[in-house]
file work-v6.tsv (TSV, C-alpha atoms)
chain	number	residue	atom	x	y	z
B	548	MET	CA	6.58	54.43	-49.24
B	549	ARG	CA	5.12	56.11	-46.15
B	550	LYS	CA	2.08	53.86	-46.24
B	551	LEU	CA	4.25	50.79	-46.64
B	552	ALA	CA	6.32	51.75	-43.61
B	553	PHE	CA	3.11	52.04	-41.63
B	554	PHE	CA	2.54	48.30	-42.08
B	555	ILE	CA	6.00	47.19	-40.94
B	556	PRO	CA	5.15	46.93	-37.21
B	557	PHE	CA	1.97	45.06	-38.11
B	558	VAL	CA	3.83	42.56	-40.27
B	559	LEU	CA	6.47	42.10	-37.55
B	560	PHE	CA	3.75	41.51	-34.99
B	561	ILE	CA	2.03	38.89	-37.16
B	562	GLY	CA	5.37	37.16	-37.81
B	563	LEU	CA	6.23	37.05	-34.13
B	564	SER	CA	2.76	35.79	-33.24
B	565	VAL	CA	2.93	32.95	-35.75
B	566	PHE	CA	6.41	32.02	-34.52
B	567	LEU	CA	5.40	31.95	-30.86
B	568	PHE	CA	2.10	30.23	-31.59
B	569	SER	CA	3.78	27.39	-33.48
B	570	GLY	CA	6.16	27.07	-30.52
B	571	LEU	CA	3.19	26.09	-28.34
B	572	PHE	CA	2.80	22.88	-30.30
B	573	SER	CA	6.43	21.92	-30.84
B	574	ASP	CA	8.15	19.32	-28.70
B	575	PRO	CA	11.37	20.68	-27.21
B	576	MET	CA	12.67	17.14	-26.71
B	577	GLU	CA	12.30	16.29	-30.37
B	578	ARG	CA	15.47	16.31	-32.41
B	579	GLU	CA	17.13	14.35	-35.14
B	580	SER	CA	18.88	11.28	-33.78
B	581	SER	CA	22.51	10.98	-34.87
B	582	VAL	CA	22.49	7.18	-34.97
B	583	LEU	CA	19.74	7.00	-37.61
B	584	ASN	CA	20.55	4.92	-40.71
B	585	LYS	CA	23.78	3.73	-39.14
B	586	PRO	CA	24.52	0.15	-38.15
B	587	LEU	CA	23.94	-0.91	-34.57
B	588	PRO	CA	27.25	-0.15	-32.76
B	589	ALA	CA	29.44	-3.15	-32.04
B	590	PHE	CA	29.00	-4.60	-28.54
B	591	THR	CA	29.35	-7.75	-26.50
B	592	LEU	CA	26.87	-7.85	-23.66
B	593	PRO	CA	25.43	-10.67	-21.56
B	594	ASP	CA	21.88	-11.92	-21.54
B	595	LEU	CA	20.15	-10.68	-18.41
B	596	GLN	CA	18.75	-14.05	-17.32
B	597	GLN	CA	21.52	-16.24	-18.78
B	598	PRO	CA	24.70	-14.17	-18.30
B	599	ASP	CA	26.84	-16.86	-19.96
B	600	ASN	CA	25.07	-16.15	-23.20
B	601	LEU	CA	26.79	-13.18	-24.83
B	602	TRP	CA	24.99	-11.09	-27.44
B	603	THR	CA	26.72	-9.16	-30.21
B	604	ALA	CA	25.41	-6.90	-32.96
B	605	GLU	CA	26.21	-9.69	-35.42
B	606	LYS	CA	24.04	-12.26	-33.62
B	607	LEU	CA	20.99	-9.98	-33.77
B	608	LYS	CA	20.97	-9.73	-37.55
B	609	GLY	CA	18.46	-11.61	-39.68
B	610	LYS	CA	15.09	-10.20	-38.73
B	611	PRO	CA	13.73	-6.71	-38.08
B	612	TYR	CA	13.04	-6.03	-34.41
B	613	LEU	CA	12.42	-3.35	-31.82
B	614	LEU	CA	15.20	-2.71	-29.34
B	615	ASN	CA	13.49	-1.33	-26.26
B	616	VAL	CA	15.61	0.44	-23.64
B	617	TRP	CA	13.97	0.01	-20.26
B	618	GLY	CA	14.44	-0.56	-16.54
B	619	THR	CA	12.27	-1.68	-13.65
B	620	TRP	CA	13.03	1.63	-11.92
B	621	CYS	CA	11.46	3.56	-14.82
B	622	VAL	CA	7.77	4.27	-14.34
B	623	THR	CA	6.98	5.02	-17.97
B	624	CYS	CA	8.69	1.81	-19.08
B	625	ASN	CA	6.46	-0.19	-16.75
B	626	ALA	CA	3.42	1.56	-18.17
B	627	GLU	CA	4.28	0.55	-21.74
B	628	LEU	CA	4.96	-3.12	-20.92
B	629	ALA	CA	1.32	-4.09	-21.38
B	630	TYR	CA	1.02	-2.55	-24.84
B	631	LEU	CA	4.39	-3.93	-25.93
B	632	THR	CA	3.18	-7.37	-24.85
B	633	GLU	CA	0.16	-6.90	-27.10
B	634	LEU	CA	2.51	-6.08	-29.95
B	635	ARG	CA	4.51	-9.20	-29.23
B	636	GLU	CA	1.33	-11.24	-29.49
B	637	GLN	CA	0.74	-9.65	-32.89
B	638	GLY	CA	4.11	-10.99	-33.97
B	639	VAL	CA	6.41	-8.01	-33.41
B	640	MET	CA	9.86	-9.05	-32.27
B	641	ILE	CA	11.00	-7.01	-29.28
B	642	ILE	CA	14.37	-7.29	-27.56
B	643	GLY	CA	14.93	-5.57	-24.25
B	644	LEU	CA	18.06	-3.57	-23.52
B	645	TYR	CA	18.18	-3.26	-19.76
B	646	TYR	CA	19.19	0.20	-18.53
B	647	GLN	CA	20.97	-0.34	-15.22
B	648	GLN	CA	21.11	2.75	-13.02
B	649	PRO	CA	24.55	3.38	-11.55
B	650	SER	CA	24.73	1.99	-8.05
B	651	ASP	CA	25.77	4.62	-5.56
B	652	ALA	CA	28.87	3.31	-3.82
B	653	ALA	CA	28.62	6.11	-1.27
B	654	PHE	CA	25.41	4.54	0.00
B	655	GLY	CA	26.88	1.06	0.03
B	656	GLU	CA	25.05	-0.04	-3.09
B	657	VAL	CA	26.67	-2.83	-5.04
B	658	PHE	CA	25.46	-4.40	-8.23
B	659	ASN	CA	23.66	-7.64	-7.46
B	660	LEU	CA	22.83	-9.66	-10.55
B	661	ALA	CA	20.70	-12.29	-8.80
B	662	ALA	CA	18.53	-9.63	-7.17
B	663	LEU	CA	18.12	-7.83	-10.50
B	664	GLN	CA	17.16	-11.03	-12.31
B	665	GLN	CA	14.52	-11.71	-9.70
B	666	GLU	CA	13.20	-8.16	-9.83
B	667	VAL	CA	12.95	-8.22	-13.63
B	668	ALA	CA	11.28	-11.64	-13.69
B	669	LEU	CA	8.72	-10.52	-11.13
B	670	LYS	CA	8.01	-7.27	-12.97
B	671	LEU	CA	7.51	-9.05	-16.30
B	672	GLU	CA	5.27	-11.63	-14.68
B	673	GLN	CA	3.07	-8.90	-13.24
B	674	GLN	CA	2.94	-6.46	-16.16
B	675	GLY	CA	3.41	-8.74	-19.15
B	676	ASP	CA	6.56	-9.86	-20.90
B	677	PRO	CA	7.05	-8.34	-24.35
B	678	TYR	CA	10.69	-9.42	-24.68
B	679	GLN	CA	12.19	-12.32	-26.55
B	680	TRP	CA	15.12	-11.79	-24.21
B	681	ASN	CA	16.84	-8.99	-22.32
B	682	ILE	CA	20.38	-7.75	-22.83
B	683	LEU	CA	22.00	-6.35	-19.72
B	684	ASP	CA	23.95	-3.13	-20.27
B	685	LYS	CA	25.35	-2.74	-16.79
B	686	ASP	CA	27.71	0.14	-17.58
B	687	ARG	CA	25.41	1.67	-20.20
B	688	SER	CA	28.06	1.33	-22.90
B	689	LEU	CA	25.79	0.34	-25.79
B	690	ILE	CA	23.20	2.72	-24.39
B	691	PHE	CA	25.78	5.52	-24.59
B	692	ASP	CA	26.82	4.59	-28.12
B	693	LEU	CA	23.16	4.67	-29.16
B	694	GLY	CA	22.76	8.22	-27.87
B	695	VAL	CA	20.11	7.24	-25.36
B	696	THR	CA	19.18	10.13	-23.08
B	697	GLY	CA	16.92	8.18	-20.72
B	698	ALA	CA	14.36	5.42	-20.58
B	699	PRO	CA	12.17	4.40	-22.30
B	700	GLU	CA	13.59	4.72	-25.78
B	701	THR	CA	12.99	2.38	-28.67
B	702	PHE	CA	15.00	1.64	-31.80
B	703	LEU	CA	13.67	0.00	-34.91
B	704	ILE	CA	16.42	-2.14	-36.43
B	705	ASP	CA	16.23	-3.88	-39.79
B	706	ALA	CA	17.38	-7.37	-40.73
B	707	LYS	CA	20.82	-6.05	-41.73
B	708	GLY	CA	21.33	-4.40	-38.36
B	709	MET	CA	20.72	-0.82	-39.51
B	710	ILE	CA	18.93	1.57	-37.17
B	711	ARG	CA	15.80	2.80	-38.94
B	712	TYR	CA	13.93	4.68	-36.24
B	713	HIS	CA	14.74	6.13	-32.86
B	714	HIS	CA	11.78	6.92	-30.65
B	715	ILE	CA	12.22	8.81	-27.38
B	716	GLY	CA	9.46	8.19	-24.87
B	717	ASP	CA	6.89	5.47	-24.39
B	718	ILE	CA	5.16	3.42	-27.06
B	719	ASN	CA	1.40	3.56	-26.90
B	720	PRO	CA	-1.24	2.69	-29.53
B	721	GLN	CA	-1.16	6.20	-30.95
B	722	VAL	CA	2.64	6.37	-31.27
B	723	TRP	CA	2.73	2.88	-32.76
B	724	GLN	CA	0.09	3.64	-35.37
B	725	GLN	CA	1.42	7.06	-36.31
B	726	LYS	CA	5.16	6.52	-36.20
B	727	LEU	CA	6.35	2.96	-36.00
B	728	ALA	CA	3.80	0.55	-37.48
B	729	ALA	CA	4.31	1.52	-41.13
B	730	ALA	CA	8.09	1.56	-40.77
B	731	TYR	CA	8.09	-1.86	-39.11
B	732	GLN	CA	5.78	-3.43	-41.68
B	733	SER	CA	7.86	-2.08	-44.57
B	734	LEU	CA	10.92	-3.77	-43.04
B	735	GLU	CA	9.11	-7.07	-42.58
B	736	GLU	CA	8.36	-7.51	-46.26
L	899	MET	CA	30.42	24.65	21.25
L	900	LYS	CA	32.90	26.38	19.03
L	901	ALA	CA	34.79	23.15	18.64
L	902	PHE	CA	31.60	21.43	17.61
L	903	PHE	CA	30.92	23.91	14.80
L	904	LEU	CA	34.51	23.77	13.69
L	905	SER	CA	34.32	20.01	13.51
L	906	LEU	CA	31.13	20.34	11.45
L	907	LEU	CA	33.00	22.57	9.06
L	908	LEU	CA	35.74	20.00	8.79
L	909	PHE	CA	33.19	17.31	8.05
L	910	THR	CA	31.56	19.18	5.16
L	911	ALA	CA	34.97	19.98	3.73
L	912	THR	CA	36.01	16.34	3.56
L	913	ALA	CA	32.61	15.23	2.30
L	914	HIS	CA	32.83	17.71	-0.53
L	915	ALA	CA	36.36	16.79	-1.42
L	916	SER	CA	35.58	13.11	-1.75
L	917	GLN	CA	32.86	13.80	-4.31
L	918	ALA	CA	34.92	14.99	-7.26
L	919	LEU	CA	38.46	13.81	-6.98
L	920	ILE	CA	39.70	13.23	-10.47
L	921	GLU	CA	43.37	12.99	-11.18
L	922	PHE	CA	44.95	14.09	-14.41
L	923	GLN	CA	48.48	13.71	-15.64
L	924	ASN	CA	48.94	17.43	-16.19
L	925	PRO	CA	47.14	20.75	-15.60
L	926	GLN	CA	46.37	21.09	-19.34
L	927	GLN	CA	44.24	17.95	-19.25
L	928	GLN	CA	42.51	19.18	-16.15
L	929	ALA	CA	41.76	22.51	-17.81
L	930	LEU	CA	40.49	20.73	-20.93
L	931	PHE	CA	38.21	18.53	-18.84
L	932	LYS	CA	36.80	21.57	-17.10
L	933	GLU	CA	36.28	23.40	-20.38
L	934	LEU	CA	34.59	20.41	-22.02
L	935	THR	CA	32.22	19.67	-19.16
L	936	GLN	CA	31.12	23.30	-19.23
L	937	GLU	CA	30.61	23.40	-23.00
L	938	LEU	CA	28.86	20.07	-23.35
L	939	ARG	CA	25.15	20.13	-22.82
L	940	CYS	CA	23.15	17.51	-20.99
L	941	PRO	CA	20.78	15.89	-23.51
L	942	LYS	CA	18.23	14.97	-20.84
L	943	CYS	CA	18.03	18.10	-18.74
L	944	GLN	CA	18.16	20.85	-21.31
L	945	ASN	CA	19.78	24.15	-20.32
L	946	GLN	CA	22.27	22.49	-18.02
L	947	ASN	CA	25.80	21.56	-18.96
L	948	ILE	CA	27.15	18.19	-17.97
L	949	ALA	CA	29.24	19.72	-15.19
L	950	ASP	CA	26.07	20.99	-13.49
L	951	SER	CA	23.75	18.09	-14.11
L	952	ASN	CA	23.54	14.88	-12.16
L	953	ALA	CA	21.25	13.05	-14.58
L	954	VAL	CA	22.57	9.56	-15.33
L	955	VAL	CA	23.38	10.48	-18.91
L	956	ALA	CA	25.30	13.58	-17.76
L	957	VAL	CA	27.29	11.53	-15.26
L	958	ASP	CA	28.09	9.01	-18.01
L	959	MET	CA	29.12	11.78	-20.37
L	960	ARG	CA	31.33	13.30	-17.70
L	961	ASN	CA	33.02	9.96	-17.06
L	962	LYS	CA	33.49	9.39	-20.78
L	963	THR	CA	34.94	12.89	-21.19
L	964	ARG	CA	37.39	12.21	-18.37
L	965	GLU	CA	38.35	8.89	-19.89
L	966	LEU	CA	38.96	10.38	-23.34
L	967	VAL	CA	40.89	13.35	-21.94
L	968	GLN	CA	43.04	11.03	-19.86
L	969	GLN	CA	43.74	9.03	-23.01
L	970	GLY	CA	45.19	12.23	-24.42
L	971	GLN	CA	42.45	13.11	-26.93
L	972	ASP	CA	42.14	16.77	-27.82
L	973	LYS	CA	39.04	18.95	-27.61
L	974	ASP	CA	37.79	18.32	-31.16
L	975	GLN	CA	38.16	14.57	-30.80
L	976	VAL	CA	36.08	14.51	-27.63
L	977	LEU	CA	33.46	16.81	-29.16
L	978	ASP	CA	33.23	14.62	-32.27
L	979	TYR	CA	32.84	11.56	-30.07
L	980	MET	CA	29.92	13.11	-28.22
L	981	LYS	CA	28.32	14.63	-31.32
L	982	SER	CA	28.38	11.33	-33.21
L	983	ARG	CA	26.19	9.90	-30.46
L	984	TYR	CA	24.07	12.76	-29.18
L	985	GLY	CA	24.12	15.13	-32.16
L	986	ASP	CA	25.21	18.75	-32.53
L	987	PHE	CA	22.72	19.48	-29.79
L	988	VAL	CA	25.19	18.49	-27.05
L	989	HIS	CA	27.64	21.27	-27.82
L	990	TYR	CA	26.67	24.77	-26.80
L	991	GLN	CA	28.59	26.20	-29.76
L	992	PRO	CA	26.50	25.35	-32.84
L	993	PRO	CA	28.41	24.41	-36.01
L	994	LEU	CA	28.13	26.61	-39.10
L	995	ASN	CA	26.01	24.77	-41.68
L	996	LYS	CA	23.01	25.41	-43.89
L	997	PHE	CA	20.58	25.07	-41.00
L	998	THR	CA	22.42	27.40	-38.65
L	999	LEU	CA	23.62	29.91	-41.25
L	1000	ILE	CA	20.76	32.22	-40.31
L	1001	LEU	CA	22.25	32.66	-36.83
L	1002	TRP	CA	25.27	34.32	-38.37
L	1003	LEU	CA	23.44	36.12	-41.18
L	1004	LEU	CA	20.61	37.59	-39.14
L	1005	PRO	CA	22.65	40.07	-37.07
L	1006	ALA	CA	24.49	41.24	-40.19
L	1007	LEU	CA	21.21	41.60	-42.07
L	1008	MET	CA	19.67	43.54	-39.20
L	1009	ALA	CA	22.62	45.91	-39.01
L	1010	PHE	CA	22.47	46.41	-42.77
L	1011	GLY	CA	18.71	47.03	-42.62
L	1012	LEU	CA	19.12	49.54	-39.82
L	1013	VAL	CA	21.75	51.52	-41.73
L	1014	LEU	CA	19.51	51.45	-44.82
L	1015	VAL	CA	16.52	52.76	-42.87
L	1016	LEU	CA	18.60	55.53	-41.30
L	1017	LEU	CA	19.99	56.60	-44.67
L	1018	LEU	CA	16.57	56.61	-46.34
L	1019	ARG	CA	15.10	58.55	-43.49
L	1020	ARG	CA	17.81	61.13	-43.59
L	1021	ARG	CA	17.34	61.61	-47.33
L	1022	ALA	CA	13.58	61.84	-46.95
L	1023	GLU	CA	13.99	64.40	-44.18
L	1024	ARG	CA	16.33	66.57	-46.17
L	1025	SER	CA	14.10	66.65	-49.25
L	1026	GLY	CA	11.08	67.11	-46.96
L	1027	VAL	CA	12.60	70.25	-45.38
L	1028	VAL	CA	13.20	71.75	-48.82
L	1029	THR	CA	9.64	71.25	-50.05
L	1030	GLU	CA	8.20	72.51	-46.81
L	1031	SER	CA	10.08	75.79	-46.92
L	1032	ALA	CA	9.20	76.23	-50.57
L	1033	GLU	CA	5.57	75.70	-49.68
L	1034	GLN	CA	5.89	78.19	-46.86
L	1035	ALA	CA	7.36	80.75	-49.21
L	1036	THR	CA	4.26	80.78	-51.41
L	1037	VAL	CA	1.60	80.29	-48.73
L	1038	GLN	CA	2.90	82.65	-46.08
L	1039	PRO	CA	2.31	85.97	-47.91
L	1040	GLN	CA	-1.21	84.89	-48.81
L	1041	LEU	CA	-2.02	84.04	-45.21
L	1042	GLU	CA	-0.56	87.29	-43.98
L	1043	GLN	CA	-2.65	89.19	-46.46
L	1044	GLN	CA	-5.80	87.42	-45.26
L	1045	LEU	CA	-4.91	88.18	-41.69
L	1046	ASP	CA	-4.42	91.84	-42.45
L	1047	GLN	CA	-7.81	91.94	-44.11
L	1048	LEU	CA	-9.49	90.37	-41.10
L	1049	ILE	CA	-7.83	92.77	-38.67
L	1050	GLU	CA	-8.92	95.66	-40.83
L	1051	GLN	CA	-12.52	94.34	-40.87
L	1052	TYR	CA	-12.78	94.02	-37.09
L	1053	ARG	CA	-11.17	97.37	-36.50
L	1054	ARG	CA	-13.84	99.04	-38.63
L	1055	LYS	CA	-16.66	97.27	-36.77
L	1056	SER	CA	-15.48	98.44	-33.39

call {"tool": "encode", "arguments": {"input": "work-v6.tsv", "output": "structure tokens"}}
result
Amino acid sequence: MRKLAFFIPFVLFIGLSVFLFSGLFSDPMERESSVLNKPLPAFTLPDLQQPDNLWTAEKLKGKPYLLNVWGTWCVTCNAELAYLTELREQGVMIIGLYYQQPSDAAFGEVFNLAALQQEVALKLEQQGDPYQWNILDKDRSLIFDLGVTGAPETFLIDAKGMIRYHHIGDINPQVWQQKLAAAYQSLEE
Amino acid sequence: MKAFFLSLLLFTATAHASQALIEFQNPQQQALFKELTQELRCPKCQNQNIADSNAVVAVDMRNKTRELVQQGQDKDQVLDYMKSRYGDFVHYQPPLNKFTLILWLLPALMAFGLVLVLLLRRRAERSGVVTESAEQATVQPQLEQQLDQLIEQYRRKS
């Protein structure tokens, strides 16, 4: 009994060390998404370049695709455009969901659709255009319903409109191979 | 000069007031809004509540909270609305389920363990005292005898 008690601090120390050591390699941003395996929330949002064309969750059904939340203001999103374009060339269907930052009325900012369209077109011309089309979420309503915390974030959605994967952060070759490729291919079949 | 500083003061006061002017139908709704924005956690900037954070997502959550409170929804309804989108993570009060059970059990287990250790120790001490004195009772006379012998020896030498 005495000898056993002697080892208690040692065991506690080892336990604490293992706990803290594993913490070094965990990602504090990683957590289970609450929209996983749920249908894409209902929405009616305009196409960014053809605002008369309204998209709904129903219209997007039929084929698995990536829904990529992005904005020209977002540096990481710009960095992933090139790789996403490569994926598009490989046959992956990617739809953009444009994350519009709130315009600050106090500084006289007003939302200007024409300017935004031009900015987006220029950006995609320079960096590559991975998108079949872009959906403009001016008030971030669908973005809010999807539990998006920032840009870029990417959702993998199956042909029936169910959300199968929610990735926070950019998509690069490593992330695609390790996390998304298998899931996407299984949906395609 | 004094007038200048006073006017500065006036300026900051109005600037501040214009930033967060939200009107509610009654003080209860206002209190609920305040409570909710302090209890809801910003999903982007961890360790800040949505009242403190100015991240876009926190601003959107604040606006949504205001909207829902103004519609007359109660606290649980607003919390459910947020949790269904951003997960249990967004509420600073974790729910009691199989993953979080340990948070409630651990303190109780530690208190129980502490009491157990104290009790065991006390029992060990009590039985330890008894054996020690019993040991002393047999050893002491022997030692004293040896000591007497030694003293006797040295006395003779000198």

call {"tool": "residues_around", "arguments": {"input": "work-v6.tsv", "residues": "Gln647 in chain B", "least_positions_apart": "2", "cutoff": "7 Å", "atoms": "only C-alpha atoms", "output": "list in words"}}
result
Gly618, Tyr645, Pro649, Asp684, Lys685 and Arg687 of chain B

call {"tool": "write_last_selection", "arguments": {"input": "work-v6.tsv", "atoms": "C-alpha atoms", "output": "PDB file, in the coordinates of the input"}}
result
ATOM      1  CA  GLY B 618      14.440  -0.560 -16.540  1.00  0.00           C
ATOM      2  CA  TYR B 645      18.180  -3.260 -19.760  1.00  0.00           C
ATOM      3  CA  PRO B 649      24.550   3.380 -11.550  1.00  0.00           C
ATOM      4  CA  ASP B 684      23.950  -3.130 -20.270  1.00  0.00           C
ATOM      5  CA  LYS B 685      25.350  -2.740 -16.790  1.00  0.00           C
ATOM      6  CA  ARG B 687      25.410   1.670 -20.200  1.00  0.00           C
TER       7      ARG B 687
END

call {"tool": "closest_residue", "arguments": {"input": "work-v6.tsv", "among": "B:Ser581, B:Thr603, B:Ser573, B:Gln596", "to": "Ala661 in chain B", "atoms": "only C-alpha atoms"}}
result
B:Gln596

call {"tool": "interface_residues", "arguments": {"input": "work-v6.tsv", "of": "chain B", "to": "chain L", "cutoff": "7 Å", "atoms": "only C-alpha atoms", "output": "list in words"}}
result
Ser580, Ser581, Val582, Asp692, Leu693, Gly694, Thr696 and Gly697 of chain B

call {"tool": "closest_residue", "arguments": {"input": "work-v6.tsv", "among": "L:Arg1054, L:Arg964, L:Arg939, L:Arg1024", "to": "Val988 in chain L", "atoms": "all atoms listed in the file"}}
result
L:Arg939

call {"tool": "atom_distance", "arguments": {"input": "work-v6.tsv", "atom1": "CA of Leu601 in chain B", "atom2": "CA of Met709 in chain B"}}
result
20.1 Å

call {"tool": "atom_distance", "arguments": {"input": "work-v6.tsv", "atom1": "CA of Tyr731 in chain B", "atom2": "CA of Asn719 in chain B"}}
result
14.9 Å

call {"tool": "atom_distance", "arguments": {"input": "work-v6.tsv", "atom1": "CA of Gln975 in chain L", "atom2": "CA of Glu937 in chain L"}}
result
14.0 Å

call {"tool": "residues_around", "arguments": {"input": "work-v6.tsv", "residues": "Val667 in chain B", "least_positions_apart": "6", "cutoff": "12 Å", "atoms": "all atoms listed in the file", "output": "short mmCIF file (atom, residue, chain, number, x, y, z; two decimals) with C-alpha atoms, keeping the file's coordinate frame"}}
result
data_model
loop_
_atom_site.label_atom_id
_atom_site.label_comp_id
_atom_site.auth_asym_id
_atom_site.auth_seq_id
_atom_site.Cartn_x
_atom_site.Cartn_y
_atom_site.Cartn_z
CA LEU B 595 20.15 -10.68 -18.41
CA GLN B 596 18.75 -14.05 -17.32
CA TRP B 617 13.97 0.01 -20.26
CA GLY B 618 14.44 -0.56 -16.54
CA THR B 619 12.27 -1.68 -13.65
CA TRP B 620 13.03 1.63 -11.92
CA CYS B 621 11.46 3.56 -14.82
CA ASN B 625 6.46 -0.19 -16.75
CA LEU B 628 4.96 -3.12 -20.92
CA GLY B 643 14.93 -5.57 -24.25
CA TYR B 645 18.18 -3.26 -19.76
CA TYR B 646 19.19 0.20 -18.53
CA GLN B 647 20.97 -0.34 -15.22
CA LEU B 660 22.83 -9.66 -10.55
CA ALA B 661 20.70 -12.29 -8.80
CA GLN B 673 3.07 -8.90 -13.24
CA GLN B 674 2.94 -6.46 -16.16
CA GLY B 675 3.41 -8.74 -19.15
CA ASP B 676 6.56 -9.86 -20.90
CA TYR B 678 10.69 -9.42 -24.68
CA TRP B 680 15.12 -11.79 -24.21
CA ASN B 681 16.84 -8.99 -22.32
CA ILE B 682 20.38 -7.75 -22.83
CA LEU B 683 22.00 -6.35 -19.72
#
